[in-house]
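**Student:** Structure: final.txt, compact mmCIF, C-alpha atoms.
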```txt
# COMPACT_ATOMS: atom_id res chain seq x y z
CA MET A 119 115.32 118.52 138.79
CA ALA A 120 117.77 118.02 141.66
CA GLN A 121 118.80 114.70 140.09
CA PHE A 122 120.37 116.58 137.15
CA ASP A 123 121.89 119.42 139.17
CA LEU A 124 125.70 119.35 139.01
CA THR A 125 126.39 122.20 141.45
CA ARG A 126 127.47 119.92 144.29
CA ILE A 127 129.88 118.00 142.04
CA ASN A 128 131.24 121.10 140.27
CA CYS A 129 131.87 122.93 143.56
CA GLN A 130 134.25 120.15 144.62
CA TYR A 131 136.65 121.29 141.89
CA LEU A 132 136.24 125.05 142.31
CA ASP A 133 137.86 127.55 144.64
CA ARG A 134 135.62 128.55 147.55
CA HIS A 135 135.09 132.04 146.11
CA LEU A 136 134.11 130.64 142.71
CA THR A 137 131.31 128.65 144.33
CA PHE A 138 129.48 131.73 145.61
CA PRO A 139 128.01 132.74 142.20
CA LEU A 140 126.77 129.16 141.72
CA LEU A 141 125.18 129.02 145.16
CA GLU A 142 123.56 132.45 144.77
CA PHE A 143 122.21 131.31 141.40
CA LEU A 144 120.58 128.31 143.09
CA CYS A 145 118.93 130.63 145.61
CA GLY A 146 116.78 131.96 142.79
CA LYS A 147 115.63 128.46 141.86
CA GLU A 148 113.33 126.07 143.67
CA ILE A 149 115.59 123.04 143.54
CA TYR A 150 116.73 123.01 147.17
CA ASN A 151 115.40 124.31 150.47
CA GLN A 152 116.17 128.04 150.61
CA GLN A 153 116.95 128.03 154.33
CA GLU A 154 119.43 125.14 154.06
CA LEU A 155 121.10 126.73 151.05
CA LEU A 156 121.62 130.05 152.86
CA GLU A 157 122.96 128.22 155.90
CA TYR A 158 125.51 126.48 153.69
CA ILE A 159 126.51 129.82 152.11
CA LEU A 160 126.98 131.28 155.60
CA GLU A 161 129.09 128.29 156.64
CA THR A 162 131.25 128.70 153.53
CA VAL A 163 131.64 132.49 153.68
CA ASN A 164 132.65 132.22 157.35
CA LYS A 165 135.84 130.52 156.14
CA THR A 166 136.82 133.69 154.25
CA ASN A 167 137.54 137.27 155.35
CA MET A 168 134.43 138.71 153.66
CA ILE A 169 132.79 140.10 156.78
CA ASP A 170 130.21 142.24 154.96
CA TYR A 171 129.04 139.24 152.88
CA THR A 172 128.81 137.22 156.10
CA MET A 173 126.64 139.89 157.70
CA ASP A 174 124.43 140.16 154.62
CA THR A 175 123.86 136.38 154.65
CA ARG A 176 122.99 136.48 158.35
CA LYS A 177 120.35 139.14 157.63
CA ARG A 178 118.87 136.99 154.87
CA LEU A 179 118.60 134.18 157.44
CA ASN A 180 116.91 136.61 159.88
CA LEU A 181 119.61 135.87 162.46
CA SER A 182 120.40 139.43 163.47
CA GLN A 183 120.19 142.95 162.15
CA GLU A 184 123.23 144.07 164.15
CA MET A 185 126.76 142.79 163.74
CA PRO A 186 127.69 140.32 166.52
CA GLU A 187 130.68 141.12 168.71
CA GLU A 188 132.57 138.20 167.21
CA LEU A 189 132.23 139.65 163.69
CA VAL A 190 133.15 143.14 164.91
CA GLN A 191 136.35 141.73 166.37
CA ARG A 192 137.10 139.70 163.25
CA LYS A 193 136.59 142.77 161.04
CA ALA A 194 139.02 144.77 163.17
CA GLU A 195 141.59 141.96 162.94
CA VAL A 196 141.16 141.71 159.16
CA LEU A 197 141.65 145.47 158.71
CA ALA A 198 144.69 145.47 160.99
CA THR A 199 146.31 142.55 159.13
CA LEU A 200 145.53 144.21 155.79
CA LYS A 201 147.17 147.45 156.89
CA GLN A 202 150.25 145.58 158.11
CA LEU A 203 150.64 143.74 154.81
CA GLN A 204 150.18 146.97 152.84
CA ASN A 205 152.95 148.60 154.92
CA GLU A 206 155.26 145.69 154.13
CA VAL A 207 154.83 146.19 150.37
CA ALA A 208 154.88 150.00 150.56
CA PRO A 209 158.41 150.20 149.06
CA ILE A 210 157.23 148.61 145.83
CA MET A 211 153.80 150.28 145.60
CA LYS A 212 155.08 152.84 143.10
CA ALA A 213 156.60 150.07 141.05
CA THR A 214 153.22 148.33 140.70
CA ASP A 215 151.73 151.64 139.48
CA ILE A 216 154.43 151.84 136.81
CA LEU A 217 153.66 148.26 135.82
CA LYS A 218 149.98 149.12 135.35
CA ASN A 219 150.67 152.15 133.17
CA GLY A 220 153.91 151.40 131.35
CA GLU A 221 153.70 148.94 128.49
CA SER A 222 157.49 148.99 128.12
CA MET A 223 157.90 147.68 131.68
CA LYS A 224 155.97 144.49 131.01
CA ASP A 225 159.15 142.69 130.02
CA SER A 226 160.15 140.60 133.04
CA LYS A 227 163.92 141.23 133.01
CA THR A 228 163.55 144.96 132.40
CA PHE A 229 161.05 145.28 135.21
CA VAL A 230 163.13 143.29 137.73
CA ASN A 231 166.25 145.32 136.87
CA ALA A 232 164.29 148.56 137.37
CA LEU A 233 162.99 147.30 140.72
CA GLN A 234 166.47 146.47 141.98
CA LYS A 235 167.96 149.71 140.71
CA ASP A 236 165.28 152.24 141.61
CA TYR A 237 163.35 150.65 144.48
CA ASN A 238 165.97 148.54 146.28
CA PHE A 239 163.85 145.45 145.63
CA LYS A 240 164.45 142.39 147.86
CA VAL A 241 163.11 138.84 147.90
CA GLU A 242 161.15 139.65 151.08
CA HIS A 243 159.11 142.19 149.14
CA LEU A 244 157.97 139.48 146.69
CA GLU A 245 156.83 137.24 149.53
CA SER A 246 154.94 140.20 151.07
CA ALA A 247 153.27 140.99 147.73
CA TYR A 248 152.17 137.35 147.43
CA LYS A 249 150.72 137.36 150.96
CA LEU A 250 148.91 140.66 150.34
CA ALA A 251 147.45 139.42 147.04
CA LYS A 252 146.15 136.28 148.75
CA TYR A 253 144.74 138.27 151.68
CA LEU A 254 142.97 140.76 149.38
CA TYR A 255 141.49 137.82 147.51
CA GLU A 256 140.21 136.29 150.76
CA CYS A 257 138.62 139.66 151.59
CA GLY A 258 136.78 139.66 148.27
CA ASN A 259 138.82 142.54 146.81
CA TYR A 260 139.54 140.66 143.59
CA GLN A 261 140.32 143.69 141.42
CA GLU A 262 143.17 144.92 143.63
CA SER A 263 144.36 141.36 144.16
CA THR A 264 144.92 140.92 140.40
CA SER A 265 147.44 143.81 140.39
CA TYR A 266 149.65 142.15 142.99
CA LEU A 267 149.21 138.72 141.42
CA TYR A 268 150.32 140.14 138.07
CA PHE A 269 153.31 141.71 139.80
CA CYS A 270 154.20 138.30 141.24
CA LEU A 271 153.89 136.64 137.82
CA ILE A 272 156.26 139.16 136.27
CA VAL A 273 158.89 138.93 139.00
CA MET A 274 158.63 135.28 140.07
CA SER A 275 160.59 132.46 138.53
CA PRO A 276 158.47 129.52 137.28
CA ASN A 277 160.49 127.40 139.72
CA ASP A 278 159.27 129.43 142.70
CA LYS A 279 157.23 127.41 145.23
CA ASN A 280 154.33 129.90 144.97
CA TYR A 281 154.30 130.27 141.18
CA LEU A 282 151.57 127.68 140.57
CA ASN A 283 149.42 129.18 143.35
CA VAL A 284 149.78 132.61 141.74
CA LEU A 285 148.65 131.20 138.37
CA TRP A 286 145.53 129.69 139.93
CA GLY A 287 144.83 132.82 141.99
CA LYS A 288 145.18 135.14 139.02
CA LEU A 289 142.78 133.03 136.94
CA ALA A 290 140.21 132.95 139.77
CA ALA A 291 140.42 136.72 140.35
CA GLU A 292 139.99 137.50 136.63
CA ILE A 293 136.96 135.19 136.45
CA LEU A 294 135.36 136.83 139.48
CA THR A 295 135.92 140.32 138.02
CA LEU A 296 134.47 139.13 134.66
CA ASN A 297 137.64 140.02 132.71
CA TRP A 298 137.15 137.22 130.20
CA ASN A 299 139.91 138.18 127.75
CA THR A 300 142.54 138.26 130.49
CA ALA A 301 141.03 135.14 132.06
CA LEU A 302 141.50 133.27 128.77
CA GLU A 303 145.15 134.36 128.63
CA ASP A 304 145.65 133.18 132.23
CA LEU A 305 143.88 129.92 131.44
CA THR A 306 146.21 129.27 128.50
CA ARG A 307 149.28 130.15 130.60
CA LEU A 308 148.19 127.82 133.40
CA ARG A 309 147.41 124.98 130.98
CA ASP A 310 150.84 125.29 129.35
CA TYR A 311 152.48 125.24 132.78
CA ILE A 312 150.57 122.12 133.87
CA ASP A 313 151.32 120.31 130.61
CA SER A 314 155.05 121.05 130.82
CA ALA A 315 155.57 120.72 134.60
CA ASN A 316 157.17 117.64 136.12
CA PHE A 317 154.07 116.40 137.97
CA SER A 318 153.40 112.78 138.85
CA THR A 319 150.65 111.12 136.82
CA ILE A 320 148.11 111.51 139.65
CA GLN A 321 149.06 115.15 140.30
CA ALA A 322 148.81 116.03 136.59
CA LEU A 323 145.40 114.36 136.41
CA GLN A 324 144.17 116.32 139.44
CA GLN A 325 145.50 119.63 138.09
CA ARG A 326 143.84 119.05 134.71
CA THR A 327 140.55 118.08 136.35
CA TRP A 328 140.48 121.34 138.31
CA LEU A 329 141.46 123.33 135.21
CA ILE A 330 138.67 121.71 133.17
CA HIS A 331 136.04 122.90 135.65
CA TRP A 332 137.47 126.42 135.92
CA SER A 333 137.77 126.70 132.15
CA VAL A 334 134.04 126.04 131.64
CA LEU A 335 133.36 129.40 133.35
CA VAL A 336 135.68 131.13 130.86
CA PHE A 337 134.65 129.28 127.70
CA PHE A 338 130.93 129.98 128.01
CA ASN A 339 131.56 133.69 128.55
CA HIS A 340 134.27 134.36 125.95
CA PRO A 341 133.40 134.93 122.26
CA LYS A 342 135.94 132.32 121.14
CA GLY A 343 135.09 129.91 123.94
CA ARG A 344 132.74 127.70 121.95
CA ASP A 345 135.53 126.66 119.61
CA LEU A 346 138.18 126.47 122.31
CA ILE A 347 136.15 124.20 124.61
CA ILE A 348 135.74 121.69 121.77
CA GLU A 349 139.44 121.81 120.93
CA MET A 350 140.50 121.36 124.56
CA PHE A 351 137.94 118.84 125.81
CA LEU A 352 137.46 116.72 122.70
CA TYR A 353 140.69 116.94 120.71
CA LYS A 354 143.38 117.16 123.40
CA PRO A 355 143.84 113.52 124.51
CA LEU A 356 145.19 114.41 127.97
CA TYR A 357 142.12 116.47 128.82
CA LEU A 358 139.66 114.06 127.22
CA ASN A 359 141.28 111.31 129.31
CA ALA A 360 140.87 113.46 132.45
CA ILE A 361 137.17 113.95 131.65
CA GLN A 362 136.60 110.26 131.06
CA THR A 363 138.54 109.26 134.20
CA MET A 364 137.63 111.93 136.76
CA CYS A 365 134.66 114.00 135.62
CA PRO A 366 132.42 112.46 132.93
CA HIS A 367 129.69 114.96 133.95
CA ILE A 368 131.64 117.56 131.94
CA MET A 369 130.19 115.82 128.88
CA ARG A 370 127.11 118.00 129.46
CA TYR A 371 129.07 121.17 128.72
CA LEU A 372 131.01 119.70 125.81
CA ALA A 373 127.77 118.46 124.25
CA THR A 374 126.13 121.86 124.73
CA ALA A 375 129.09 123.61 123.08
CA VAL A 376 128.89 121.32 120.04
CA VAL A 377 125.12 121.77 119.69
CA ILE A 378 125.26 125.59 119.76
CA ASN A 379 128.30 125.79 117.46
CA ARG A 380 127.00 125.39 113.91
CA THR A 381 130.47 125.79 112.42
CA ARG A 382 131.73 122.68 114.26
CA ARG A 383 129.16 120.10 113.17
CA ASN A 384 132.07 117.89 112.08
CA ALA A 385 132.81 117.35 115.79
CA LEU A 386 129.47 115.56 116.26
CA LYS A 387 130.78 112.16 115.15
CA ASP A 388 133.67 112.24 117.61
CA LEU A 389 131.40 113.56 120.38
CA ILE A 390 128.82 110.80 119.84
CA LYS A 391 131.57 108.15 120.13
CA VAL A 392 132.69 109.58 123.49
CA ILE A 393 129.08 109.87 124.74
CA GLN A 394 128.48 106.22 123.87
CA GLN A 395 131.72 105.18 125.59
CA GLU A 396 130.80 107.06 128.77
CA SER A 397 127.06 106.34 128.79
CA TYR A 398 127.52 103.73 131.53
CA THR A 399 129.10 106.33 133.88
CA TYR A 400 127.15 109.49 133.02
CA ARG A 401 123.89 110.34 131.27
CA ASP A 402 121.66 113.39 131.31
CA PRO A 403 118.95 114.78 128.99
CA ILE A 404 121.52 116.65 126.86
CA THR A 405 123.71 113.62 126.12
CA GLU A 406 120.60 111.44 125.75
CA PHE A 407 119.13 113.91 123.25
CA LEU A 408 122.15 113.43 120.99
CA GLU A 409 122.02 109.65 121.45
CA CYS A 410 118.33 109.55 120.54
CA LEU A 411 118.89 111.68 117.46
CA TYR A 412 122.17 110.36 116.03
CA VAL A 413 122.46 106.81 117.37
CA ASN A 414 118.90 105.51 117.69
CA PHE A 415 117.23 107.92 115.23
CA ASP A 416 114.40 108.10 117.75
CA PHE A 417 112.75 111.41 116.89
CA GLU A 418 109.99 111.04 119.47
CA GLY A 419 112.61 110.35 122.15
CA ALA A 420 114.65 113.35 120.95
CA ARG A 421 111.57 115.57 121.18
CA LEU A 422 110.92 114.50 124.77
CA LYS A 423 114.58 114.88 125.71
CA LEU A 424 114.69 118.37 124.18
CA HIS A 425 111.90 119.39 126.55
CA GLU A 426 113.91 118.02 129.49
CA CYS A 427 117.06 119.77 128.18
CA GLN A 428 115.36 123.14 128.55
CA THR A 429 114.72 122.50 132.25
CA VAL A 430 118.28 121.24 132.80
CA ILE A 431 119.88 124.27 131.10
CA LEU A 432 117.56 126.71 132.87
CA ASN A 433 118.89 125.41 136.20
CA ASP A 434 122.57 125.14 135.29
CA PHE A 435 124.66 128.23 136.11
CA PHE A 436 127.32 127.48 133.47
CA ILE A 437 125.01 127.25 130.45
CA VAL A 438 121.79 129.07 131.39
CA ALA A 439 122.68 131.92 128.99
CA CYS A 440 122.73 129.42 126.09
CA LEU A 441 119.11 128.27 126.52
CA ASN A 442 117.55 129.97 123.49
CA GLU A 443 120.48 129.11 121.25
CA PHE A 444 120.44 125.50 122.35
CA VAL A 445 116.72 125.08 121.65
CA GLU A 446 117.04 126.73 118.23
CA ASP A 447 120.06 124.66 117.18
CA ALA A 448 118.62 121.44 118.61
CA ARG A 449 115.48 121.95 116.53
CA LEU A 450 117.68 122.54 113.51
CA MET A 451 119.47 119.23 114.20
CA ILE A 452 116.14 117.38 114.43
CA PHE A 453 114.97 119.02 111.21
CA GLU A 454 118.18 118.25 109.29
CA THR A 455 118.29 114.63 110.46
CA PHE A 456 114.60 114.08 109.74
CA CYS A 457 114.99 115.56 106.28
CA ARG A 458 117.86 113.23 105.42
CA ILE A 459 115.57 110.27 105.99
CA HIS A 460 112.32 111.58 104.48
CA GLN A 461 111.90 113.38 101.18
CA CYS A 462 108.36 114.63 101.79
CA ILE A 463 107.29 115.68 105.28
CA THR A 464 104.05 117.12 106.60
CA ILE A 465 104.40 120.39 108.48
CA SER A 466 102.14 119.10 111.26
CA MET A 467 104.45 116.14 111.82
CA LEU A 468 107.51 118.42 111.91
CA ALA A 469 105.75 120.77 114.33
CA ASP A 470 105.13 117.83 116.64
CA LYS A 471 108.78 116.74 116.48
CA LEU A 472 109.98 120.30 117.15
CA ASN A 473 107.57 121.02 120.04
CA MET A 474 105.97 123.87 118.04
CA LYS A 475 102.55 124.86 116.74
CA PRO A 476 102.00 124.19 112.97
CA ASN A 477 101.92 127.92 112.08
CA GLU A 478 105.07 128.59 114.08
CA ALA A 479 106.77 125.55 112.54
CA GLU A 480 105.94 126.70 108.99
CA CYS A 481 107.37 130.19 109.62
CA TRP A 482 110.44 128.66 111.30
CA ILE A 483 111.05 126.32 108.34
CA VAL A 484 110.57 129.17 105.82
CA ASN A 485 113.18 131.29 107.62
CA LEU A 486 115.47 128.30 107.93
CA ILE A 487 115.29 127.58 104.20
CA ARG A 488 116.00 131.25 103.41
CA ASN A 489 118.89 131.66 105.85
CA ALA A 490 120.55 128.30 105.35
CA ARG A 491 119.72 128.08 101.62
CA LEU A 492 118.38 124.56 101.96
CA ASN A 493 117.24 122.77 98.83
CA ALA A 494 113.58 122.50 99.85
CA LYS A 495 110.08 123.72 98.92
CA ILE A 496 106.95 124.24 101.00
CA ASP A 497 103.50 123.32 99.68
CA SER A 498 101.20 125.39 101.91
CA LYS A 499 98.00 123.91 100.43
CA LEU A 500 98.95 120.33 101.20
CA GLY A 501 101.01 121.32 104.24
CA HIS A 502 104.11 119.51 102.98
CA VAL A 503 107.82 120.21 102.94
CA VAL A 504 109.49 118.63 99.90
CA MET A 505 113.24 118.12 100.27
CA GLY A 506 115.77 118.05 97.43
CA THR A 507 118.90 115.92 97.49
CA GLN A 508 121.82 117.43 99.40
CA PRO A 509 124.95 115.38 98.80
CA LEU A 510 127.92 116.16 101.06
CA SER A 511 130.42 118.27 99.13
CA PRO A 512 133.90 116.83 98.48
CA TYR A 513 135.34 119.85 100.33
CA GLN A 514 133.33 119.05 103.46
CA GLN A 515 134.35 115.39 103.30
CA LEU A 516 138.00 116.45 103.04
CA VAL A 517 137.69 118.84 106.00
CA GLU A 518 136.16 116.13 108.20
CA LYS A 519 138.91 113.64 107.31
CA ILE A 520 141.65 116.21 107.98
CA ASP A 521 140.17 117.03 111.40
CA SER A 522 140.08 113.33 112.24
CA LEU A 523 143.68 112.83 111.07
CA SER A 524 144.82 115.84 113.10
CA MET A 525 143.37 114.39 116.30
CA ARG A 526 144.88 110.95 115.64
CA SER A 527 148.27 112.44 114.80
CA GLU A 528 148.31 114.47 118.04
CA HIS A 529 147.35 111.37 120.01
CA LEU A 530 150.09 109.27 118.37
CA ALA A 531 152.69 112.02 118.90
CA GLY A 532 151.78 112.19 122.60
CA LEU A 533 152.00 108.40 122.88
CA ILE A 534 155.43 108.31 121.22
CA GLU A 535 156.67 111.14 123.47
CA ARG A 536 155.50 109.37 126.64
CA LYS A 537 157.08 106.07 125.58
CA SER A 538 160.34 107.87 124.72
CA LYS A 539 160.42 109.55 128.14
CA GLN A 540 159.70 106.24 129.84
CA LYS A 541 162.48 104.51 127.90
CA ASN A 542 164.97 107.27 128.76
CA GLN A 543 163.97 107.13 132.42
CA GLU A 544 164.46 103.36 132.49
CA SER A 545 167.88 103.82 130.89
CA ILE A 546 168.85 106.41 133.53
CA ASP A 547 167.58 104.19 136.35
CA SER A 548 169.57 101.21 135.07
CA TRP A 549 172.80 103.21 135.41
CA LYS A 550 172.16 103.80 139.10
CA TYR A 551 173.32 100.24 139.82
CA TYR A 552 176.77 100.74 138.27
```
Just give me the structure as structure tokens.
**Tutor:**
Amino acid sequence: MAQFDLTRINCQYLDRHLTFPLLEFLCGKEIYNQQELLEYILETVNKTNMIDYTMDTRKRLNLSQEMPEELVQRKAEVLATLKQLQNEVAPIMKATDILKNGESMKDSKTFVNALQKDYNFKVEHLESAYKLAKYLYECGNYQESTSYLYFCLIVMSPNDKNYLNVLWGKLAAEILTLNWNTALEDLTRLRDYIDSANFSTIQALQQRTWLIHWSVLVFFNHPKGRDLIIEMFLYKPLYLNAIQTMCPHIMRYLATAVVINRTRRNALKDLIKVIQQESYTYRDPITEFLECLYVNFDFEGARLKLHECQTVILNDFFIVACLNEFVEDARLMIFETFCRIHQCITISMLADKLNMKPNEAECWIVNLIRNARLNAKIDSKLGHVVMGTQPLSPYQQLVEKIDSLSMRSEHLAGLIERKSKQKNQESIDSWKYY
């Protein structure tokens, strides 16, 4: 299944430290040569200050049980540099403790005034705190790094040259410490900054492409992520454009989010349009499953693709936890679509389409009818499922139209804003000649 593995592509848009969980995940699979994979991990970790991780990887490669002299020297240098940086920020160490414990000090102006008054705070201290946060991060001490990064966010002006780096660093550290609530807040803060910053078109596209990949880690681990990923990737034109232009492989994760989110079935129509538009640049079993089911109405093809989807998800670090949900909801999609076309269906035929045994399929359909309150009856003697008519409610039709109008309105508003800015810029430029 190496042909469907996206690790190599995804790692191009992730921080070096964020790639380690993905690479370690692959070590437990049989997709690539284990020796080559460990050698690559060693090569990557050597570019950081994580000496213990480097030594552990060397042991796994059977290189040496004792730490080489080079690593011993590097470790001593790392500890010496760390101590020096900690001494530089010593004057504001107490202030960071107050920031952790005092909710009232979380207001930026209040905190800066307190620093200047009580701790003789200087600009040099902020630069030292930034350097220490970055160094702690490179050492793999993400938890402590977040404290100093938060300090920098509170004190720094958004115009500071390091402000954007702090935003990215804080998000990475929160992801690596599995603080998903805080990571979502940092993700939103970073997205707002990117959308409002005065980047060139190419720079903005690059920043959004990186943010899209980092956000997948947050969205599939946060309770609200399944709705937020759809809103951001499908209904925010700037990010949908970034996906279509730079990273169409992200369609896998958007499609997965729509499949496992039963409350957002209205997004299927819009998703299918995008999948069809991008089918010439990217296809995989997950996008092909939706095409088979909702474009070609090829139930046999959908059944085969569902089997392939299970293998793809099982080997994808981002969505492996969604495997059971995906299979369950994909079967539900096949069942619902099949039932719209046929009024009377044999259980054996449904079992075949759902990759299940007839007895399992009958129990699954019974539970589905009970839980979803479908208008259907099962004739166990004949082995038939008889479907009643299920017209779409006026309320549901209205909701779908409103969602579509909302997306179009946002797109038009963004277009008008860009044209207005361009017109104003042209007007300003024309005055330069007078």
**Student:** Which residue gives the smallest distance to Ile393 of chain A among A:Ile320, A:Met369, A:Ile378, A:Lys147, with only C-alpha atoms counted?
**Tutor:**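 Among A:Ile320, A:Met369, A:Ile378, A:Lys147, it is A:Met369 that comes nearest to Ile393 of chain A.
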**Student:** Give me, as a PyMOL selection string, all polymer residues having an atom no more than 12 Å from Arg344 of chain A, counting only C-alpha atoms and skipping those fewer than 2 positions away in the same chain.
**Tutor:** chain A and resi 333-342+346-352+371-382+437+440
**Student:** Report as JSON, numbers by chain all protein, DNA and RNA residues lying within 12 Å of Pro476 of chain A, evaluated on all atoms listed in the file, omitting residues in the same chain fewer than 2 positions from it.
**Tutor:** {"A": [464, 465, 466, 467, 468, 469, 470, 471, 472, 473, 474, 478, 479, 480, 481, 482, 483, 498, 501, 502]}
**Student:** Tell me, as a VMD selection string, which residues lie within 10 Å of Asp123 of chain A, counting all atoms listed in the file; anything in the same chain fewer than 6 positions away does not count.
**Tutor:** chain A and resid 144 149 402 430 to 431 433 to 435
**Student:** Centre and edge lengths of an axis-aligned box around all listed atoms of segment 261-274 of chain A, with 3 Å added on each side, are to be given in Å to one decimal, as JSON.
**Tutor:**
```
{"center_x": 149.6, "center_y": 140.1, "center_z": 140.2, "size_x": 24.6, "size_y": 15.6, "size_z": 13.9}
```
**Student:** One decimal, in Å: what's the spacing between atom CA of Asn167 of chain A and atom CA of Arg192 of chain A?
**Tutor:**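 Here the two named atoms are 8.3 Å from each other.
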**Student:** Hey, can you check how far atom CA of Ile159 of chain A sits from atom CA of Val438 of chain A?
**Tutor:**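 Taking atom CA of Ile159 of chain A as the start and atom CA of Val438 of chain A as the end point, the length is 21.3 Å.
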**Student:** From the list A:Lys541, A:Arg178, A:Arg134, A:Lys288, which residue is nearest Leu302 of chain A when using only C-alpha atoms?
**Tutor:** A:Lys288
